[in-house]
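Peer 1: One structure, pasted below without further comment.
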Amino acid sequence: MQSFKYWVCYMNYMSKPVEGVPPSKPHNLKSQLFSASRWMAQSCSNMMSGLGYQMLDYQDFALITVLDNGHITIEDLAARLSWDIAFTSERTNHLETLGFVRIVRAPLNDNQKQIAFTDAGWQLINDLSNVVTQVELLLSQRIGISDVNNIRSIFSSNWGPALKESDLFLNEQFKSDCHSELDI
């Protein structure tokens, strides 16, 4: 019951509007990061459609982006994407049907399957890389190169390991603001 009480306090704290921020705009970093990621993914997807890749959706581009240089197992890919193995296999099979990847047996473990890029897949990677560069250039024109460089700097810095449940109540302001009607 105590963890529920703390969760309610946490939600009350997170839902408080930030001073000076219009209520219609998201005020927490997670929402802003998600929104920025969606904008980037949609922009790249739109531009890739103009290059003839309209058969691919944002999930395909997510999978392709995390593949690195290929030769990764479906299990590892699923873990990177936080997808279940069945869905990852389905999306990988879709890309194989389109001719961008092929699924091969792992050389060291015949029971595992690895994903490898085909020549068409490498062309897709090249086109996607060029589109990402164009998106970044257009974004620089919209918000300014210094802001784009600040974003790059922030995301390339080491944020340390992910926070744990025990880190939740380290904020003194959060502790003192826990006045919920659900407190028991």
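Going by the structure tokens order, chains are called A, B, ..., each with residues numbered from 1, while ligands are numbered from 1 in the order shown.
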At a cut-off of 7 Å, using only C-alpha atoms, what residues contact A:Ser45? Leave out same-chain residues fewer than 3 positions from it and give the result as an MDAnalysis selection string.

Peer 2: chainID A and resid 41:42 48:49 57:58

Peer 1: Could you write out that same residue set with N, CA and C atoms as a PDB file, in the first residue's frame?

Peer 2:
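File written: result.pdb
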```
ATOM      1  N   ALA A  41      11.258  11.023 -36.556  1.00  0.00           N
ATOM      2  CA  ALA A  41      10.889   9.792 -37.264  1.00  0.00           C
ATOM      3  C   ALA A  41       9.921  10.084 -38.407  1.00  0.00           C
ATOM      4  N   GLN A  42       8.926  10.926 -38.159  1.00  0.00           N
ATOM      5  CA  GLN A  42       7.950  11.242 -39.196  1.00  0.00           C
ATOM      6  C   GLN A  42       8.590  12.037 -40.327  1.00  0.00           C
ATOM      7  N   MET A  48      11.872   9.862 -46.895  1.00  0.00           N
ATOM      8  CA  MET A  48      12.241   8.584 -47.497  1.00  0.00           C
ATOM      9  C   MET A  48      11.162   8.121 -48.477  1.00  0.00           C
ATOM     10  N   SER A  49       9.907   8.444 -48.204  1.00  0.00           N
ATOM     11  CA  SER A  49       8.833   8.111 -49.148  1.00  0.00           C
ATOM     12  C   SER A  49       9.077   8.793 -50.484  1.00  0.00           C
ATOM     13  N   ASP A  57       7.513   1.799 -42.812  1.00  0.00           N
ATOM     14  CA  ASP A  57       6.891   2.668 -41.813  1.00  0.00           C
ATOM     15  C   ASP A  57       7.899   2.966 -40.703  1.00  0.00           C
ATOM     16  N   TYR A  58       7.446   3.718 -39.707  1.00  0.00           N
ATOM     17  CA  TYR A  58       8.356   4.163 -38.649  1.00  0.00           C
ATOM     18  C   TYR A  58       8.964   2.987 -37.892  1.00  0.00           C
TER      19      TYR A  58
END
```

Peer 1: Applying 9 Å and only C-alpha atoms, which residues near A:Leu63 remain after dropping the ones on its own chain fewer than 4 positions away? List them as number ranges by chain.

Peer 2: A: 58-59, 67, 77-78, 81, 88, 91-92

Peer 1: Within 12 Å of stretch 134-145 of chain A, counting only C-alpha atoms, which residues show up once you throw out same-chain ones fewer than 3 positions away? Write them as a PyMOL selection string, please.

Peer 2: chain A and resi 36+39-48+127-131+148-152

Peer 1: Just asking: which residues within stretch 68-126 of chain A are strand (DSSP E or B) according to DSSP, as a PyMOL selection string?

Peer 2: chain A and resi 72-73+101-105+113-117

Peer 1: Figure out the distance between atom CA of A:Thr73 and atom CA of A:Gln114, please, to one decimal in Å.

Peer 2: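 Pair atom CA of A:Gln114 / atom CA of A:Thr73 returns 4.2 Å.
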
Peer 1: Could you state the separation of atom CA of A:Arg80 and atom CA of A:Leu98 in Å, given to one decimal place?

Peer 2: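 According to the coordinates, atom CA of A:Arg80 and atom CA of A:Leu98 are separated by 22.4 Å.
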
Peer 1: Please determine, counting only C-alpha atoms, which residue among A:Ala86, A:Ile154, A:Ile125, A:Ile74 has the shortest atom-to-atom distance to A:Val104.

Peer 2: A:Ile74

Peer 1: Taking into account only C-alpha atoms, which residue in the set A:Asn158, A:Ser153, A:Gln123, A:Ser35 is nearest to A:Leu51?

Peer 2: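 Of the candidates, the smallest distance to A:Leu51 is held by A:Gln123.
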
Peer 1: When DSSP works through the backbone of this structure, what residues of stretch 96-184 of chain A end up as alpha helix (DSSP H), shown as a PyMOL selection string?

Peer 2: chain A and resi 96-97+119-143+145-156+172-176

Peer 1: Could the residues in this selection be saved with N, CA and C atoms as a compact mmCIF listing (two decimals), in the first residue's frame?

Peer 2:
```txt
# COMPACT_ATOMS: atom_id res chain seq x y z
N GLU A 96 12.82 -8.56 -44.98
CA GLU A 96 13.43 -9.58 -45.83
C GLU A 96 12.60 -9.76 -47.12
N THR A 97 11.29 -9.76 -46.98
CA THR A 97 10.41 -9.87 -48.14
C THR A 97 10.64 -8.73 -49.12
N ASP A 119 22.48 -5.82 -50.53
CA ASP A 119 22.95 -4.62 -51.24
C ASP A 119 21.87 -3.54 -51.22
N ALA A 120 20.61 -3.95 -51.41
CA ALA A 120 19.50 -2.98 -51.36
C ALA A 120 19.38 -2.39 -49.95
N GLY A 121 19.65 -3.19 -48.94
CA GLY A 121 19.63 -2.70 -47.56
C GLY A 121 20.71 -1.66 -47.30
N TRP A 122 21.90 -1.91 -47.85
CA TRP A 122 22.98 -0.94 -47.68
C TRP A 122 22.66 0.36 -48.41
N GLN A 123 21.98 0.27 -49.55
CA GLN A 123 21.55 1.47 -50.26
C GLN A 123 20.52 2.23 -49.43
N LEU A 124 19.60 1.47 -48.80
CA LEU A 124 18.61 2.08 -47.90
C LEU A 124 19.30 2.81 -46.76
N ILE A 125 20.31 2.20 -46.17
CA ILE A 125 21.06 2.83 -45.08
C ILE A 125 21.72 4.12 -45.57
N ASN A 126 22.31 4.08 -46.74
CA ASN A 126 22.94 5.26 -47.31
C ASN A 126 21.92 6.38 -47.54
N ASP A 127 20.76 6.01 -48.12
CA ASP A 127 19.70 7.00 -48.37
C ASP A 127 19.18 7.57 -47.06
N LEU A 128 18.98 6.71 -46.06
CA LEU A 128 18.49 7.17 -44.76
C LEU A 128 19.49 8.11 -44.10
N SER A 129 20.76 7.79 -44.21
CA SER A 129 21.80 8.66 -43.65
C SER A 129 21.77 10.04 -44.30
N ASN A 130 21.61 10.07 -45.62
CA ASN A 130 21.52 11.36 -46.32
C ASN A 130 20.27 12.13 -45.92
N VAL A 131 19.15 11.43 -45.75
CA VAL A 131 17.91 12.09 -45.34
C VAL A 131 18.05 12.65 -43.92
N VAL A 132 18.65 11.89 -43.03
CA VAL A 132 18.85 12.38 -41.65
C VAL A 132 19.68 13.66 -41.68
N THR A 133 20.71 13.68 -42.51
CA THR A 133 21.54 14.89 -42.63
C THR A 133 20.69 16.07 -43.13
N GLN A 134 19.83 15.83 -44.12
CA GLN A 134 18.96 16.89 -44.63
C GLN A 134 17.98 17.36 -43.56
N VAL A 135 17.41 16.42 -42.81
CA VAL A 135 16.48 16.80 -41.74
C VAL A 135 17.19 17.67 -40.72
N GLU A 136 18.41 17.29 -40.35
CA GLU A 136 19.17 18.09 -39.38
C GLU A 136 19.49 19.48 -39.92
N LEU A 137 19.81 19.57 -41.21
CA LEU A 137 20.08 20.89 -41.80
C LEU A 137 18.84 21.76 -41.80
N LEU A 138 17.70 21.18 -42.17
CA LEU A 138 16.45 21.95 -42.16
C LEU A 138 16.06 22.35 -40.74
N LEU A 139 16.27 21.44 -39.79
CA LEU A 139 16.00 21.78 -38.39
C LEU A 139 16.91 22.92 -37.93
N SER A 140 18.16 22.90 -38.36
CA SER A 140 19.09 23.98 -38.02
C SER A 140 18.61 25.32 -38.55
N GLN A 141 18.01 25.31 -39.74
CA GLN A 141 17.46 26.54 -40.29
C GLN A 141 16.25 27.01 -39.49
N ARG A 142 15.49 26.08 -38.97
CA ARG A 142 14.29 26.44 -38.22
C ARG A 142 14.59 26.93 -36.81
N ILE A 143 15.45 26.21 -36.10
CA ILE A 143 15.67 26.55 -34.68
C ILE A 143 17.05 27.13 -34.41
N ILE A 145 21.46 26.72 -35.62
CA ILE A 145 22.52 25.72 -35.53
C ILE A 145 23.03 25.55 -34.11
N SER A 146 23.05 26.63 -33.33
CA SER A 146 23.55 26.50 -31.95
C SER A 146 22.62 25.63 -31.11
N ASP A 147 21.30 25.73 -31.35
CA ASP A 147 20.37 24.87 -30.61
C ASP A 147 20.53 23.41 -31.02
N VAL A 148 20.72 23.16 -32.31
CA VAL A 148 20.93 21.78 -32.76
C VAL A 148 22.22 21.24 -32.17
N ASN A 149 23.27 22.05 -32.14
CA ASN A 149 24.53 21.61 -31.54
C ASN A 149 24.38 21.38 -30.04
N ASN A 150 23.56 22.19 -29.37
CA ASN A 150 23.29 21.96 -27.94
C ASN A 150 22.59 20.62 -27.73
N ILE A 151 21.61 20.32 -28.60
CA ILE A 151 20.91 19.04 -28.50
C ILE A 151 21.91 17.90 -28.67
N ARG A 152 22.77 18.00 -29.68
CA ARG A 152 23.79 16.97 -29.91
C ARG A 152 24.68 16.80 -28.68
N SER A 153 25.09 17.91 -28.13
CA SER A 153 25.98 17.87 -26.96
C SER A 153 25.29 17.20 -25.76
N ILE A 154 24.05 17.56 -25.53
CA ILE A 154 23.31 16.99 -24.40
C ILE A 154 23.13 15.50 -24.57
N PHE A 155 22.76 15.06 -25.77
CA PHE A 155 22.51 13.64 -25.98
C PHE A 155 23.78 12.82 -26.10
N SER A 156 24.90 13.45 -26.35
CA SER A 156 26.15 12.69 -26.42
C SER A 156 26.88 12.66 -25.09
N GLU A 172 13.70 16.37 -2.11
CA GLU A 172 13.04 16.87 -0.90
C GLU A 172 11.73 17.57 -1.21
N GLN A 173 11.67 18.32 -2.30
CA GLN A 173 10.44 19.01 -2.67
C GLN A 173 9.34 17.99 -2.93
N PHE A 174 9.70 16.89 -3.55
CA PHE A 174 8.72 15.85 -3.84
C PHE A 174 8.18 15.26 -2.55
N LYS A 175 9.06 15.02 -1.59
CA LYS A 175 8.63 14.43 -0.31
C LYS A 175 7.64 15.34 0.40
N SER A 176 7.91 16.63 0.42
CA SER A 176 7.07 17.55 1.19
C SER A 176 5.73 17.85 0.50
```

Peer 1: Could you jot down the atom CA of A:Ile115 to atom CA of A:Phe87 separation for me, Å, one decimal place?

Peer 2: 14.6 Å
